[in-house]
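Dumped protein-v6.cif below, it's mmCIF, C-alpha atoms and all ligand atoms:
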data_coords
#
loop_
_atom_site.label_atom_id
_atom_site.label_comp_id
_atom_site.auth_asym_id
_atom_site.auth_seq_id
_atom_site.Cartn_x
_atom_site.Cartn_y
_atom_site.Cartn_z
CA MET A 211 160.78 48.41 86.12
CA ASP A 212 164.07 48.50 87.91
CA LEU A 213 164.89 51.26 90.36
CA LYS A 214 166.76 53.32 87.79
CA GLU A 215 163.80 53.28 85.43
CA ILE A 216 161.45 54.17 88.29
CA MET A 217 163.73 57.06 89.18
CA ASN A 218 163.97 58.37 85.62
CA GLN A 219 160.31 57.96 84.78
CA GLY A 220 159.19 59.30 88.15
CA VAL A 221 161.27 62.50 87.84
CA GLN A 222 160.12 62.98 84.24
CA ALA A 223 156.43 62.49 85.20
CA ILE A 224 156.80 65.01 88.04
CA LYS A 225 158.32 67.59 85.70
CA ASP A 226 155.57 66.96 83.14
CA ALA A 227 152.78 67.40 85.71
CA ASP A 228 151.44 70.89 84.98
CA ASN A 229 148.93 71.17 87.78
CA LEU A 230 148.42 69.98 91.36
CA GLU A 231 145.83 67.34 90.42
CA ARG A 232 148.17 65.78 87.87
CA LEU A 233 151.06 65.85 90.38
CA GLU A 234 148.93 63.97 92.93
CA GLU A 235 148.25 61.28 90.31
CA VAL A 236 152.01 60.94 89.74
CA ARG A 237 152.61 60.64 93.50
CA ILE A 238 150.04 57.87 93.77
CA SER A 239 151.40 55.95 90.82
CA PHE A 240 155.03 55.99 92.13
CA LEU A 241 154.90 56.29 95.93
CA SER A 242 151.62 54.76 97.13
CA LYS A 243 151.26 51.22 98.45
CA LYS A 244 150.33 50.02 95.00
CA GLY A 245 152.83 52.29 93.25
CA HIS A 246 155.92 51.39 91.27
CA LEU A 247 158.27 51.54 94.27
CA SER A 248 156.10 49.21 96.37
CA LEU A 249 155.98 46.81 93.44
CA ALA A 250 159.80 46.99 93.15
CA MET A 251 160.10 46.16 96.87
CA ARG A 252 158.47 42.83 96.17
CA GLN A 253 161.65 41.76 94.35
CA MET A 254 163.34 41.75 97.78
CA LYS A 255 162.08 38.30 98.60
CA ASP A 256 163.89 36.83 95.56
CA LEU A 257 167.24 38.24 96.67
CA SER A 258 169.87 36.57 98.87
CA ASN A 259 170.35 37.79 102.41
CA GLU A 260 173.62 39.45 101.36
CA GLU A 261 171.94 41.41 98.57
CA LYS A 262 168.91 42.52 100.60
CA PRO A 263 170.45 45.44 102.61
CA ALA A 264 171.94 47.11 99.53
CA PHE A 265 168.67 46.76 97.64
CA GLY A 266 166.65 48.11 100.57
CA LYS A 267 168.97 51.09 100.81
CA ALA A 268 168.69 51.72 97.04
CA VAL A 269 164.85 51.62 97.26
CA ASN A 270 164.90 54.14 100.12
CA GLU A 271 167.26 56.44 98.27
CA THR A 272 165.07 56.30 95.16
CA LYS A 273 162.00 57.03 97.28
CA GLU A 274 163.64 60.00 99.01
CA ALA A 275 164.94 61.38 95.70
CA ILE A 276 161.49 61.17 94.10
CA GLU A 277 159.85 62.69 97.22
CA SER A 278 162.29 65.57 97.15
CA VAL A 279 161.64 66.39 93.47
CA LEU A 280 157.91 65.99 94.13
CA LYS A 281 158.02 68.40 97.05
CA ASP A 282 159.79 71.08 94.98
CA ARG A 283 157.39 70.65 92.09
CA PHE A 284 154.43 70.78 94.52
CA GLN A 285 155.60 74.18 95.82
CA GLU A 286 156.17 75.44 92.28
CA LEU A 287 152.68 74.43 91.12
CA LYS A 288 151.10 75.85 94.29
CA ASP A 289 152.75 79.24 93.65
CA ILE A 290 151.58 79.20 90.05
CA ALA A 291 148.02 78.35 91.15
CA LEU A 292 148.06 81.14 93.73
CA ASN A 293 149.32 83.69 91.20
CA GLU A 294 146.66 82.70 88.73
CA SER A 295 143.96 82.98 91.36
CA MET A 296 145.22 86.43 92.35
CA LYS A 297 145.24 87.54 88.75
CA LYS A 298 141.72 86.23 88.24
CA ASN A 299 140.32 87.86 91.37
CA ALA A 300 142.43 90.98 91.10
CA ILE A 301 141.02 94.33 92.27
CA ASP A 302 141.91 97.19 89.99
CA ILE A 303 142.76 99.90 92.49
CA THR A 304 142.95 102.48 89.69
CA LEU A 305 139.23 102.14 88.86
CA PRO A 306 137.12 105.04 90.14
CA GLY A 307 135.15 104.10 93.26
CA THR A 308 131.39 104.16 93.75
CA SER A 309 130.70 107.49 95.41
CA LEU A 310 128.34 107.62 98.39
CA LYS A 311 125.24 109.74 97.93
CA PRO A 312 125.26 112.44 100.60
CA GLY A 313 121.97 113.20 102.35
CA LEU A 314 120.12 116.36 101.40
CA GLN A 315 117.78 118.67 103.25
CA ASN A 316 114.11 118.17 102.54
CA PRO A 317 112.78 121.20 100.61
CA LEU A 318 110.36 121.91 103.48
CA ILE A 319 113.26 122.35 105.90
CA LEU A 320 114.95 124.67 103.41
CA MET A 321 111.68 126.61 103.07
CA VAL A 322 111.34 126.93 106.87
CA ARG A 323 114.93 128.18 107.12
CA GLU A 324 114.34 130.74 104.40
CA MET A 325 111.23 132.01 106.21
CA GLU A 326 112.94 132.01 109.61
CA ALA A 327 115.87 133.95 108.15
CA PHE A 328 113.51 136.61 106.82
CA PHE A 329 111.74 137.07 110.17
CA GLN A 330 114.95 136.91 112.19
CA GLU A 331 116.32 139.77 110.11
CA MET A 332 113.19 141.69 111.18
CA GLY A 333 113.97 141.03 114.84
CA TYR A 334 111.71 138.02 115.44
CA LYS A 335 112.62 135.13 117.71
CA VAL A 336 112.01 131.54 116.54
CA VAL A 337 110.02 129.49 119.07
CA GLU A 338 109.17 125.82 118.75
CA GLY A 339 106.80 123.56 120.68
CA ASP A 340 105.68 119.97 121.12
CA GLU A 341 103.63 118.13 118.52
CA LEU A 342 101.73 116.40 121.31
CA GLU A 343 99.73 119.20 122.88
CA LEU A 344 97.05 119.85 125.48
CA ASP A 345 93.52 120.73 124.36
CA LEU A 346 93.94 123.76 126.64
CA TYR A 347 96.68 125.36 124.52
CA ASN A 348 95.58 124.07 121.12
CA PHE A 349 91.94 125.12 121.48
CA GLU A 350 90.74 126.75 124.68
CA LYS A 351 93.39 129.45 125.02
CA ALA A 352 93.11 130.08 121.27
CA ASN A 353 89.48 131.14 121.89
CA ILE A 354 88.04 127.83 120.68
CA PRO A 355 86.10 126.53 123.71
CA LYS A 356 84.76 122.98 124.02
CA ASP A 357 81.79 122.25 121.73
CA HIS A 358 82.61 125.28 119.57
CA PRO A 359 81.83 124.64 115.88
CA ALA A 360 85.33 125.84 114.91
CA ARG A 361 86.69 122.60 116.35
CA GLU A 362 84.81 120.63 113.71
CA MET A 363 86.80 122.35 110.97
CA GLN A 364 90.00 120.96 112.39
CA ASP A 365 89.41 117.21 112.51
CA THR A 366 91.66 116.37 115.38
CA PHE A 367 93.74 113.33 116.33
CA PHE A 368 92.85 113.07 120.03
CA ILE A 369 95.08 110.92 122.23
CA ASP A 370 92.60 111.14 125.12
CA GLU A 371 90.23 113.74 126.54
CA HIS A 372 92.99 116.32 127.17
CA ASN A 373 95.86 115.36 124.83
CA LEU A 374 95.97 115.68 121.07
CA LEU A 375 98.30 116.11 118.12
CA ARG A 376 98.34 119.87 117.63
CA THR A 377 96.13 121.01 114.75
CA HIS A 378 97.93 124.32 114.29
CA THR A 379 101.07 126.04 115.54
CA THR A 380 98.76 128.49 117.33
CA ALA A 381 99.39 126.21 120.32
CA ILE A 382 102.95 127.59 120.44
CA GLN A 383 101.55 131.14 120.42
CA THR A 384 99.17 130.55 123.32
CA ARG A 385 102.01 129.05 125.34
CA THR A 386 104.31 131.96 124.41
CA LEU A 387 101.67 134.51 125.46
CA GLU A 388 101.24 132.80 128.82
CA GLU A 389 104.99 132.58 129.34
CA TYR A 390 105.66 136.24 128.46
CA ALA A 391 102.63 137.90 130.11
CA PRO A 392 102.57 140.66 131.19
CA GLN A 393 105.87 141.54 129.48
CA ILE A 394 106.12 143.19 126.07
CA PRO A 395 107.07 143.20 123.33
CA ILE A 396 106.44 139.73 121.94
CA LYS A 397 107.84 139.19 118.47
CA VAL A 398 108.02 135.52 117.57
CA VAL A 399 107.57 133.10 114.68
CA CYS A 400 106.59 129.50 115.39
CA PRO A 401 107.30 126.87 112.72
CA GLY A 402 106.30 123.23 113.10
CA LYS A 403 104.41 120.14 112.01
CA VAL A 404 100.67 119.97 112.60
CA TYR A 405 98.15 117.15 112.18
CA ARG A 406 94.56 116.88 111.02
CA ARG A 407 92.39 113.91 110.16
CA ASP A 408 92.27 114.35 106.42
CA ASP A 409 92.29 112.02 103.43
CA ASP A 410 95.63 112.45 101.69
CA ASP A 411 95.52 113.60 98.08
CA ALA A 412 97.46 115.98 95.84
CA THR A 413 96.60 119.02 97.97
CA HIS A 414 95.74 117.50 101.38
CA SER A 415 97.88 115.71 103.92
CA HIS A 416 97.10 114.52 107.44
CA GLN A 417 100.46 116.01 108.41
CA PHE A 418 101.72 119.36 107.16
CA MET A 419 103.77 122.34 108.31
CA GLN A 420 102.84 125.81 109.39
CA LEU A 421 104.68 128.91 110.37
CA GLU A 422 102.79 131.37 112.51
CA GLY A 423 103.86 134.78 113.71
CA LEU A 424 102.81 136.83 116.72
CA VAL A 425 103.58 140.41 117.70
CA VAL A 426 102.22 142.05 120.88
CA GLY A 427 102.98 145.56 122.10
CA HIS A 428 101.75 149.15 122.16
CA ASN A 429 100.09 150.59 119.07
CA ILE A 430 100.32 147.47 116.95
CA THR A 431 97.85 147.79 114.06
CA LEU A 432 96.64 146.00 110.94
CA ALA A 433 98.87 148.37 108.96
CA ASP A 434 101.90 146.83 110.71
CA LEU A 435 100.66 143.38 109.73
CA LYS A 436 100.18 144.52 106.14
CA GLY A 437 103.65 146.06 105.96
CA THR A 438 105.27 142.95 107.40
CA LEU A 439 103.47 140.49 105.14
CA SER A 440 104.00 142.68 102.11
CA LEU A 441 107.76 142.38 102.63
CA PHE A 442 107.37 138.65 103.29
CA ALA A 443 105.49 138.14 100.00
CA LYS A 444 108.19 140.04 98.09
CA ARG A 445 110.91 137.90 99.70
CA MET A 446 109.11 134.68 98.81
CA PHE A 447 107.76 135.51 95.36
CA GLY A 448 109.75 138.47 94.04
CA GLU A 449 110.04 142.25 94.41
CA ASP A 450 107.08 143.04 92.13
CA ARG A 451 104.54 141.23 94.33
CA VAL A 452 101.69 143.15 95.92
CA ILE A 453 99.38 141.84 98.64
CA ARG A 454 95.77 142.56 99.51
CA PHE A 455 93.61 141.86 102.55
CA ARG A 456 90.16 140.29 102.35
CA PRO A 457 87.91 140.13 105.42
CA SER A 458 87.71 136.70 106.96
CA TYR A 459 86.95 134.99 110.24
CA PHE A 460 89.24 133.15 112.67
CA GLN A 461 88.71 132.52 116.38
CA PHE A 462 92.20 133.67 117.32
CA THR A 463 91.96 137.09 115.66
CA GLU A 464 89.46 139.96 115.43
CA PRO A 465 89.26 141.40 112.85
CA SER A 466 90.60 138.59 110.66
CA VAL A 467 91.89 138.74 107.10
CA GLU A 468 92.90 136.43 104.28
CA ILE A 469 95.99 137.65 102.51
CA ASP A 470 96.39 137.31 98.74
CA VAL A 471 99.51 138.00 96.71
CA THR A 472 99.64 138.89 93.01
CA CYS A 473 100.37 135.79 90.92
CA HIS A 474 104.11 135.29 90.38
CA ILE A 475 103.48 133.15 87.28
CA CYS A 476 101.37 135.56 85.20
CA ASN A 477 102.24 138.75 87.08
CA GLY A 478 98.57 139.33 87.87
CA LYS A 479 97.23 138.89 84.32
CA GLY A 480 95.50 135.57 85.03
CA CYS A 481 96.64 131.96 84.54
CA ASN A 482 95.87 128.40 85.67
CA VAL A 483 97.79 128.74 88.93
CA CYS A 484 95.79 131.79 90.06
CA LYS A 485 92.58 130.46 88.46
CA GLN A 486 92.53 133.47 86.10
CA THR A 487 92.11 135.91 89.03
CA GLY A 488 95.66 137.23 89.14
CA TRP A 489 95.68 136.68 92.92
CA ILE A 490 96.81 133.73 95.07
CA GLU A 491 95.73 133.23 98.68
CA ILE A 492 98.81 132.59 100.80
CA LEU A 493 98.17 133.56 104.42
CA GLY A 494 95.61 134.13 107.12
CA GLY A 495 95.92 136.59 109.98
CA GLY A 496 94.49 139.52 111.88
CA MET A 497 94.58 141.35 115.19
CA VAL A 498 94.94 139.06 118.20
CA HIS A 499 91.48 138.61 119.76
CA PRO A 500 91.20 140.67 123.01
CA LYS A 501 89.95 137.57 124.81
CA VAL A 502 93.14 135.68 123.88
CA LEU A 503 95.24 138.50 125.33
CA GLN A 504 93.10 138.63 128.47
CA ASP A 505 93.24 134.87 129.01
CA ALA A 506 97.02 134.98 128.82
CA GLY A 507 97.22 137.79 131.40
CA TYR A 508 97.64 140.88 129.20
CA ASP A 509 95.75 144.17 129.53
CA ASP A 510 93.75 144.24 126.31
CA GLU A 511 92.81 147.89 126.91
CA THR A 512 96.35 149.19 126.38
CA LEU A 513 97.98 146.44 124.33
CA THR A 514 97.30 145.02 120.91
CA GLY A 515 98.89 142.41 118.73
CA PHE A 516 98.78 140.87 115.29
CA ALA A 517 99.09 137.25 114.30
CA PHE A 518 99.41 135.42 110.98
CA GLY A 519 99.82 131.90 109.76
CA VAL A 520 101.13 130.36 106.58
CA GLY A 521 101.17 126.80 105.22
CA ILE A 522 104.77 125.97 104.43
CA GLU A 523 103.92 123.28 101.85
CA ARG A 524 101.59 125.71 100.08
CA ILE A 525 104.29 128.38 99.75
CA ALA A 526 106.86 125.79 98.60
CA MET A 527 104.39 124.33 96.05
CA LEU A 528 103.60 127.76 94.62
CA LYS A 529 107.20 128.90 94.61
CA TYR A 530 108.64 125.79 92.97
CA GLY A 531 105.66 124.65 90.91
CA ILE A 532 105.15 121.40 92.85
CA GLU A 533 101.75 119.92 92.07
CA ASP A 534 101.45 117.12 94.64
CA ILE A 535 101.90 117.77 98.38
CA ARG A 536 102.81 114.08 98.93
CA MET A 537 106.13 114.67 97.11
CA PHE A 538 107.43 116.31 100.29
CA TYR A 539 106.99 113.19 102.41
CA THR A 540 107.84 110.23 100.16
CA ASN A 541 111.62 110.86 100.12
CA ASP A 542 111.96 110.27 96.40
CA MET A 543 115.58 111.29 95.76
CA ARG A 544 114.75 112.38 92.19
CA PHE A 545 112.52 115.03 93.78
CA ILE A 546 114.78 116.02 96.66
CA ASP A 547 117.86 116.19 94.39
CA GLN A 548 116.34 119.16 92.59
CA PHE A 549 116.76 121.27 95.72
CA LYS A 550 120.51 120.73 96.01
CA ARG A 551 121.20 124.27 94.93
CA PHE A 552 119.94 125.61 98.26
CA ASP A 553 122.58 123.73 100.29
ZN ZN B 601 98.47 133.65 87.52
#

Is it possible to give me this structure as structure tokens?
Amino acid sequence: MDLKEIMNQGVQAIKDADNLERLEEVRISFLSKKGHLSLAMRQMKDLSNEEKPAFGKAVNETKEAIESVLKDRFQELKDIALNESMKKNAIDITLPGTSLKPGLQNPLILMVREMEAFFQEMGYKVVEGDELELDLYNFEKANIPKDHPAREMQDTFFIDEHNLLRTHTTAIQTRTLEEYAPQIPIKVVCPGKVYRRDDDDATHSHQFMQLEGLVVGHNITLADLKGTLSLFAKRMFGEDRVIRFRPSYFQFTEPSVEIDVTCHICNGKGCNVCKQTGWIEILGGGMVHPKVLQDAGYDDETLTGFAFGVGIERIAMLKYGIEDIRMFYTNDMRFIDQFKRFD
């Protein structure tokens, strides 16, 4: 090929190259050491000395012309490739985004708040305490001395001889009594987590929540306790609910009572939830044991008090028809989502 043919064919091949790979092949075939231009240069040796400079110049001009066209075409093809890649990997900013799932309150927290709100409206103060507690406040000051059989009923997680995970929120009450004594009145509710060595199943958990209440003052009677818990039962389970006391026994109180409420499912007629009795046990309580008052530094001759305790999971399970206590702790969003309406 003479230089003119190289020029014409080279420019045509560059224009025909429709992608960067093809263009590189064209560059190699025309401009590399074994390309058409290098081959043309070999004709130099057959020329006379007079002809050589003009031929050399013509080869260079052809080379520069082809390089220039090649450079332009390279840029063109690069832009096309970039555009195609952008189109292929395009993000459609008009598509709706994936919304983040906001966190929700665990139903137990909502239950505690509902209970706290009720008692706060009645003038109670909310007091909290530590989950790691001394034997002294969890047992001894609650009238459960060492080696007392009542301790066996509360299988305890002991840390060492004196420290334990509290088995009931009564520990907050004994601390409150000691802190307040000899002042009156005391009117507090104490919510919190408690721990007992128990095998977990649908109705038992080694960790659960209680809310206990304590009132100390002049002329506090069982009738005050009944009036208070009657209102509480109505707030939790509806205006038509009625409560009843049954005699019971607790170390912290004397006399002690179990408190039943009429079944909110069958309205007292009898169903599976109330085991056909029409009544559901929801609370325990009684008059604060004189020894507990004495130990804390109160005059048990002139002062009395009532105390009560309720399992928060139990109330929530009854109120919302939850059949497995473990649902509260496994953070299954399908479960927790159902309580959105209380936000
Ligand atoms: Zn019932």

- Query: Using all atoms listed in the file, what are the residues with an atom within 9 Å of ligand ZN 601 (chain B), set out as a PyMOL selection string?
  - Reply: chain A and resi 472-490

Using 6 Å of padding on each side, determine the axis-aligned box around all atoms of segment 239-254 of chain A present in the file and give its centre and edge lengths in Å to one decimal, as JSON.
{"center_x": 156.8, "center_y": 49.0, "center_z": 94.6, "size_x": 25.0, "size_y": 26.5, "size_z": 19.6}

- To one decimal in Å, tell me the separation between atom CA of Ile396 of chain A and atom CA of Val336 of chain A. 11.3 Å

- Task: List the neighbours of Gly333 of chain A out to 9 Å using all atoms listed in the file; skip same-chain residues closer than 3 positions along the sequence, and give me the result as a PyMOL selection string.
- Result: chain A and resi 329-330+397-398

- Item | Between atom CA of Met543 of chain A and atom CA of Leu314 of chain A, distance in Å (one decimal) |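 If I compute the distance from atom CA of Met543 of chain A to atom CA of Leu314 of chain A, I get 8.8 Å.
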
- Write out as a VMD selection string each polymer residue whose atoms come within 10 Å of segment 423-433 of chain A, counting only C-alpha atoms; drop sequence neighbours fewer than 4 positions from it. chain A and resid 329 334 to 337 379 to 380 382 to 384 386 to 387 393 to 401 437 to 439 455 465 to 467 495 to 498 503 508 512 to 520

- Return the single residue from A:Asn373, A:Ser458, A:Asn316, A:Gln285 that is closest to Met537 of chain A, with distances computed using only C-alpha atoms.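 Closest to Met537 of chain A of all the choices is A:Asn316.
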
- Message: I'd like the interatomic distance between atom CA of Val322 of chain A and atom CA of Arg445 of chain A, to a tenth of an Å.
- Response: 13.1 Å

Residue rebuild result segment 527-541 of chain A, N, CA, C and O atoms as an mmCIF file, in the frame of the given file:
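Dumped to selection.cif:
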data_model
loop_
_atom_site.group_PDB
_atom_site.id
_atom_site.type_symbol
_atom_site.label_atom_id
_atom_site.label_comp_id
_atom_site.auth_asym_id
_atom_site.auth_seq_id
_atom_site.Cartn_x
_atom_site.Cartn_y
_atom_site.Cartn_z
ATOM 1 N N MET A 527 105.023 124.835 97.285
ATOM 2 C CA MET A 527 104.390 124.330 96.050
ATOM 3 C C MET A 527 104.218 125.449 95.036
ATOM 4 O O MET A 527 104.492 125.271 93.850
ATOM 5 N N LEU A 528 103.784 126.614 95.527
ATOM 6 C CA LEU A 528 103.600 127.760 94.620
ATOM 7 C C LEU A 528 104.938 128.241 94.084
ATOM 8 O O LEU A 528 105.104 128.488 92.901
ATOM 9 N N LYS A 529 105.899 128.332 94.988
ATOM 10 C CA LYS A 529 107.200 128.900 94.610
ATOM 11 C C LYS A 529 107.945 128.006 93.615
ATOM 12 O O LYS A 529 108.578 128.503 92.702
ATOM 13 N N TYR A 530 107.864 126.694 93.815
ATOM 14 C CA TYR A 530 108.640 125.790 92.970
ATOM 15 C C TYR A 530 107.800 124.996 91.981
ATOM 16 O O TYR A 530 108.304 124.077 91.337
ATOM 17 N N GLY A 531 106.502 125.326 91.882
ATOM 18 C CA GLY A 531 105.660 124.650 90.910
ATOM 19 C C GLY A 531 105.472 123.164 91.191
ATOM 20 O O GLY A 531 105.438 122.350 90.275
ATOM 21 N N ILE A 532 105.363 122.802 92.471
ATOM 22 C CA ILE A 532 105.150 121.400 92.850
ATOM 23 C C ILE A 532 103.642 121.149 92.894
ATOM 24 O O ILE A 532 102.903 121.916 93.520
ATOM 25 N N GLU A 533 103.197 120.091 92.203
ATOM 26 C CA GLU A 533 101.750 119.920 92.070
ATOM 27 C C GLU A 533 101.145 118.915 93.044
ATOM 28 O O GLU A 533 99.927 118.825 93.160
ATOM 29 N N ASP A 534 101.990 118.141 93.729
ATOM 30 C CA ASP A 534 101.450 117.120 94.640
ATOM 31 C C ASP A 534 102.139 117.231 96.000
ATOM 32 O O ASP A 534 103.348 117.043 96.122
ATOM 33 N N ILE A 535 101.357 117.542 97.025
ATOM 34 C CA ILE A 535 101.900 117.770 98.380
ATOM 35 C C ILE A 535 102.616 116.524 98.900
ATOM 36 O O ILE A 535 103.540 116.619 99.716
ATOM 37 N N ARG A 536 102.207 115.329 98.416
ATOM 38 C CA ARG A 536 102.810 114.080 98.930
ATOM 39 C C ARG A 536 104.281 113.949 98.546
ATOM 40 O O ARG A 536 105.017 113.187 99.151
ATOM 41 N N MET A 537 104.714 114.728 97.517
ATOM 42 C CA MET A 537 106.130 114.670 97.110
ATOM 43 C C MET A 537 107.060 115.042 98.271
ATOM 44 O O MET A 537 108.185 114.572 98.345
ATOM 45 N N PHE A 538 106.578 115.873 99.184
ATOM 46 C CA PHE A 538 107.430 116.310 100.290
ATOM 47 C C PHE A 538 107.745 115.193 101.288
ATOM 48 O O PHE A 538 108.722 115.254 102.016
ATOM 49 N N TYR A 539 106.873 114.181 101.329
ATOM 50 C CA TYR A 539 106.990 113.190 102.410
ATOM 51 C C TYR A 539 107.466 111.820 101.963
ATOM 52 O O TYR A 539 107.713 110.964 102.793
ATOM 53 N N THR A 540 107.552 111.592 100.626
ATOM 54 C CA THR A 540 107.840 110.230 100.160
ATOM 55 C C THR A 540 109.337 109.990 99.959
ATOM 56 O O THR A 540 109.742 108.888 99.619
ATOM 57 N N ASN A 541 110.165 111.012 100.199
ATOM 58 C CA ASN A 541 111.620 110.860 100.120
ATOM 59 C C ASN A 541 112.116 110.271 98.807
ATOM 60 O O ASN A 541 113.021 109.466 98.791
#
